[in-house]
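Chemist: Attaching a single structure in structure tokens format; questions to follow.
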Amino acid sequence: MPDVSDFILKLQRRRIEGSHATARQTTELLRSVVSHHRIPHTNQTASLLEAVRAVGEQLIAANPVELAVGNIVRRVLHIIREEDSSAVSFEGLQISEKSDDEEDVERKGGSLLSAAAVAAASRSTLRPRSLQTLLEDGPAPIVPSNSSSNGDSEGKSKSDKSARSRRLKHAVIEAINLLIEEINSCYDDISEQAVEHIHHNEVILTLGRSKTVKEFLYAAKQKNRSFRVFVAEGAPRYQGHVLAKELIQKGLETTVITDSAIFAMISRVNMVIVGAHAIMANGGVIAPVGMNMLALAAQRHAVPFVVVAGSHKLCPLYSHNPEVLLNELKSPSDLIDFGEFSDCMDFGSRGGGPLMHVVNPTFDYVPPKLVSLFITDTGGHNASHMYKLIADYYSADDLVIKRNSTS
């Protein structure tokens, strides 16, 4: 059985870093849940949906800020619904093919009724019989029941249901494997598009330490594109310093600037390329703090603002939905040392409470009107097109992950 409790503990203690690793491990866990779940002969799809939904609800509650968990849970639920629909369509196709074969038998002199006869018989059964027909017709012959044939049909029905459950589970697992491959290859799929957007002698500005952005810039460098990169330092955690060192190691000409210098330097920039924590249903972006300021600066100076992110970051919810925990406050020690903070305590008044408060948010929200282009593993998309792309990945019935109450 999958160790769900251990994974929940990792999510609660923030031991899994990054949306990519979280999405991959969540998908692998749900694949194990589907593989070990015993599907009953009846309500097979509902049983499988309930099993995934029960685990998904716990995973989302463990770390509601990491929206990639909920995205993957909804993707798997959508996969189950799609595979069930495909199985029903396949069975209908088999029935139609069987009917065609029966028509062939009738043409060859078999005992089966033709399509016209079957249609007429069905119409006669639906139409009420007249009094004359009742008087003319004799008593219906009594057909002796064959217990052995009934037993065979019941056994065949059970075997058919068992085979269908195995086919459903196998199809769902195969689709989840494709989802894992999609997550693993998202960096490569996005990086292949770098040469289409980055040209010679351009200046690129970025903020944060996104691995997707880093691989995107690496790919352009490998294609012999000559360009410069401005990296905002990303205070107070200064992730930009780390990114700048990584870019320099790859031979990229890099300049580190302060966050407050973004407006002063944006006029020299040809394009802003940033990552995202999540892309919402309306095309809005949840990104590292300070990103909205950068987007406003880009709009003010007519600089394209490009967001690169894998499809596992596409969220079918809106930022105002109650299921979305938009932000998370980090430790005040990122801004001010605890020793210095103790000097701000006034023990003579107000009950010894602090006179200074420190707020250290993690994320920022960028409205869709500030985004020029989204680059995902499926290609480039405008903000107005994101809702169509998201609709292909999720079902409207799974937006709220909540188990059905059985009382």
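If you're wondering about the labels, chains in the structure tokens are A, B, ... by order shown, residues count from 1 in each chain, ligands from 1 in order shown.
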Which neighbours of His200 (chain A) fall inside 8 Å, counting only C-alpha atoms, when residues of the same chain fewer than 3 positions from it are skipped, and could you give them as a PyMOL selection string?

Modeler: chain A and resi 225-227

Chemist: Which residues, written as a PyMOL selection string, have at least one atom at most 12 Å from region 13-17 of chain A, with only C-alpha atoms counted and residues fewer than 4 positions away on the same chain left out?

Modeler: chain A and resi 6-9+21-26+62-66+68-69+210-211+277

Chemist: Include C-alpha atoms and write out the residues we just selected as a PDB file, in the first residue's frame.

Modeler:
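Output contents, as saved in selection_23.pdb:
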```
ATOM      1  CA  ASP A   6       4.632   9.763   5.165  1.00  0.00           C
ATOM      2  CA  PHE A   7       4.040  11.922   2.088  1.00  0.00           C
ATOM      3  CA  ILE A   8       1.576  14.089   4.015  1.00  0.00           C
ATOM      4  CA  LEU A   9       4.214  14.605   6.700  1.00  0.00           C
ATOM      5  CA  ALA A  21       9.183  17.840  -7.479  1.00  0.00           C
ATOM      6  CA  THR A  22       5.888  18.146  -5.617  1.00  0.00           C
ATOM      7  CA  ALA A  23       3.857  17.498  -8.758  1.00  0.00           C
ATOM      8  CA  ARG A  24       5.958  14.487  -9.760  1.00  0.00           C
ATOM      9  CA  GLN A  25       5.847  12.836  -6.347  1.00  0.00           C
ATOM     10  CA  THR A  26       2.118  13.533  -5.993  1.00  0.00           C
ATOM     11  CA  ALA A  62      -1.307  19.229   4.264  1.00  0.00           C
ATOM     12  CA  ASN A  63       0.103  22.115   2.196  1.00  0.00           C
ATOM     13  CA  PRO A  64      -2.632  24.344   0.741  1.00  0.00           C
ATOM     14  CA  VAL A  65      -0.095  26.901  -0.486  1.00  0.00           C
ATOM     15  CA  GLU A  66       1.436  24.406  -2.919  1.00  0.00           C
ATOM     16  CA  ALA A  68       0.548  21.922  -7.730  1.00  0.00           C
ATOM     17  CA  VAL A  69      -0.781  19.227  -5.370  1.00  0.00           C
ATOM     18  CA  SER A 210      13.128  29.691 -11.381  1.00  0.00           C
ATOM     19  CA  LYS A 211      14.660  26.506 -12.748  1.00  0.00           C
ATOM     20  CA  HIS A 277       4.315  29.452  -8.726  1.00  0.00           C
TER      21      HIS A 277
END
```

Chemist: For the strand (DSSP E) assignment from backbone DSSP, which residues of region 259-304 of chain A qualify? Please present them as a list of chain:residue names.

Modeler: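 Everything in region 259-304 of chain A that counts as strand (DSSP E) is A:Met271, A:Val272, A:Ile273, A:Val274, A:Ala278, A:Ile279, A:Val285, A:Ile286, A:Ala287, A:Pro288.
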
Chemist: Excluding region 72-89 of chain A and any residue of its chain fewer than 6 positions from it, enumerate the residues within 8 Å of it, using only C-alpha atoms, and give them as a PyMOL selection string.

Modeler: chain A and resi 23+26-27+30+45+48-49+52-53+56+168+171-172+175-176+312+393-395+398-399+401

Chemist: Report as a list in words all protein, DNA and RNA residues lying within 12 Å of Lys388 (chain A), evaluated on only C-alpha atoms, omitting residues in the same chain fewer than 6 positions from it.

Modeler: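 My reading of the contact set: Ala281, Asn282, Gly283, Leu314, Pro316, His381, Asn382 and Tyr394 of chain A.
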
Chemist: Using only C-alpha atoms, what table do you get, as a Markdown table, when you list each residue of region 212-243 of chain A with an atom no more than 10 Å from region 182-187 of chain A, its nearest pair of atoms, and their distance in Å rounded to one decimal, rows by chain then rising number?

Modeler:
```
| residue | atom | partner | partner_atom | distance |
| --- | --- | --- | --- | --- |
| A:Thr212 | CA | A:Tyr187 | CA | 6.0 |
| A:Val213 | CA | A:Tyr187 | CA | 9.1 |
| A:Lys214 | CA | A:Tyr187 | CA | 9.6 |
| A:Glu215 | CA | A:Tyr187 | CA | 6.7 |
| A:Phe216 | CA | A:Tyr187 | CA | 7.8 |
```

Chemist: Taking a cut-off of 8 Å and counting only C-alpha atoms, can you build a table that, for each residue of region 217-274 of chain A near region 285-301 of chain A, reports the nearest atom pair and how far apart they are in Å (one decimal), sorted by chain then residue number, as a tab-separated table?

Modeler:
```
residue	atom	partner	partner_atom	distance
A:Gly234	CA	A:Gly290	CA	7.5
A:Asp259	CA	A:Gly290	CA	7.8
A:Ile262	CA	A:Leu294	CA	6.8
A:Phe263	CA	A:Ala297	CA	5.7
A:Ile266	CA	A:Ala298	CA	6.7
A:Ser267	CA	A:His301	CA	6.3
A:Val272	CA	A:Ala298	CA	7.4
```

Chemist: Please determine, counting only C-alpha atoms, which residue among A:Val306, A:Ala232, A:Met356, A:Ile390 has the shortest atom-to-atom distance to Leu370 (chain A).

Modeler: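 Of the candidates, the smallest distance to Leu370 (chain A) is held by A:Val306.
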
Chemist: I'd like to know which of A:Ala61, A:Ile204, A:Val274, A:Leu355 is closest to Val324 (chain A), using only C-alpha atoms.

Modeler: A:Ala61

Chemist: Using only C-alpha atoms, pick whichever of A:Val256, A:Leu67, A:Val33, A:Ile39 has the shortest atom-to-atom distance to Lys313 (chain A).

Modeler: A:Leu67

Chemist: In terms of the shortest atom-to-atom distance over only C-alpha atoms, which of A:Glu202, A:Asp392, A:Glu57, A:Asp189 is closest to Val269 (chain A)?

Modeler: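 Selected residue with least distance to Val269 (chain A): A:Glu202.
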
Chemist: Just give me the gap between CA of Glu196 (chain A) and CA of Gly251 (chain A) in Å, one decimal is fine.

Modeler: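 Interatomic distance, CA of Glu196 (chain A) to CA of Gly251 (chain A): 20.4 Å.
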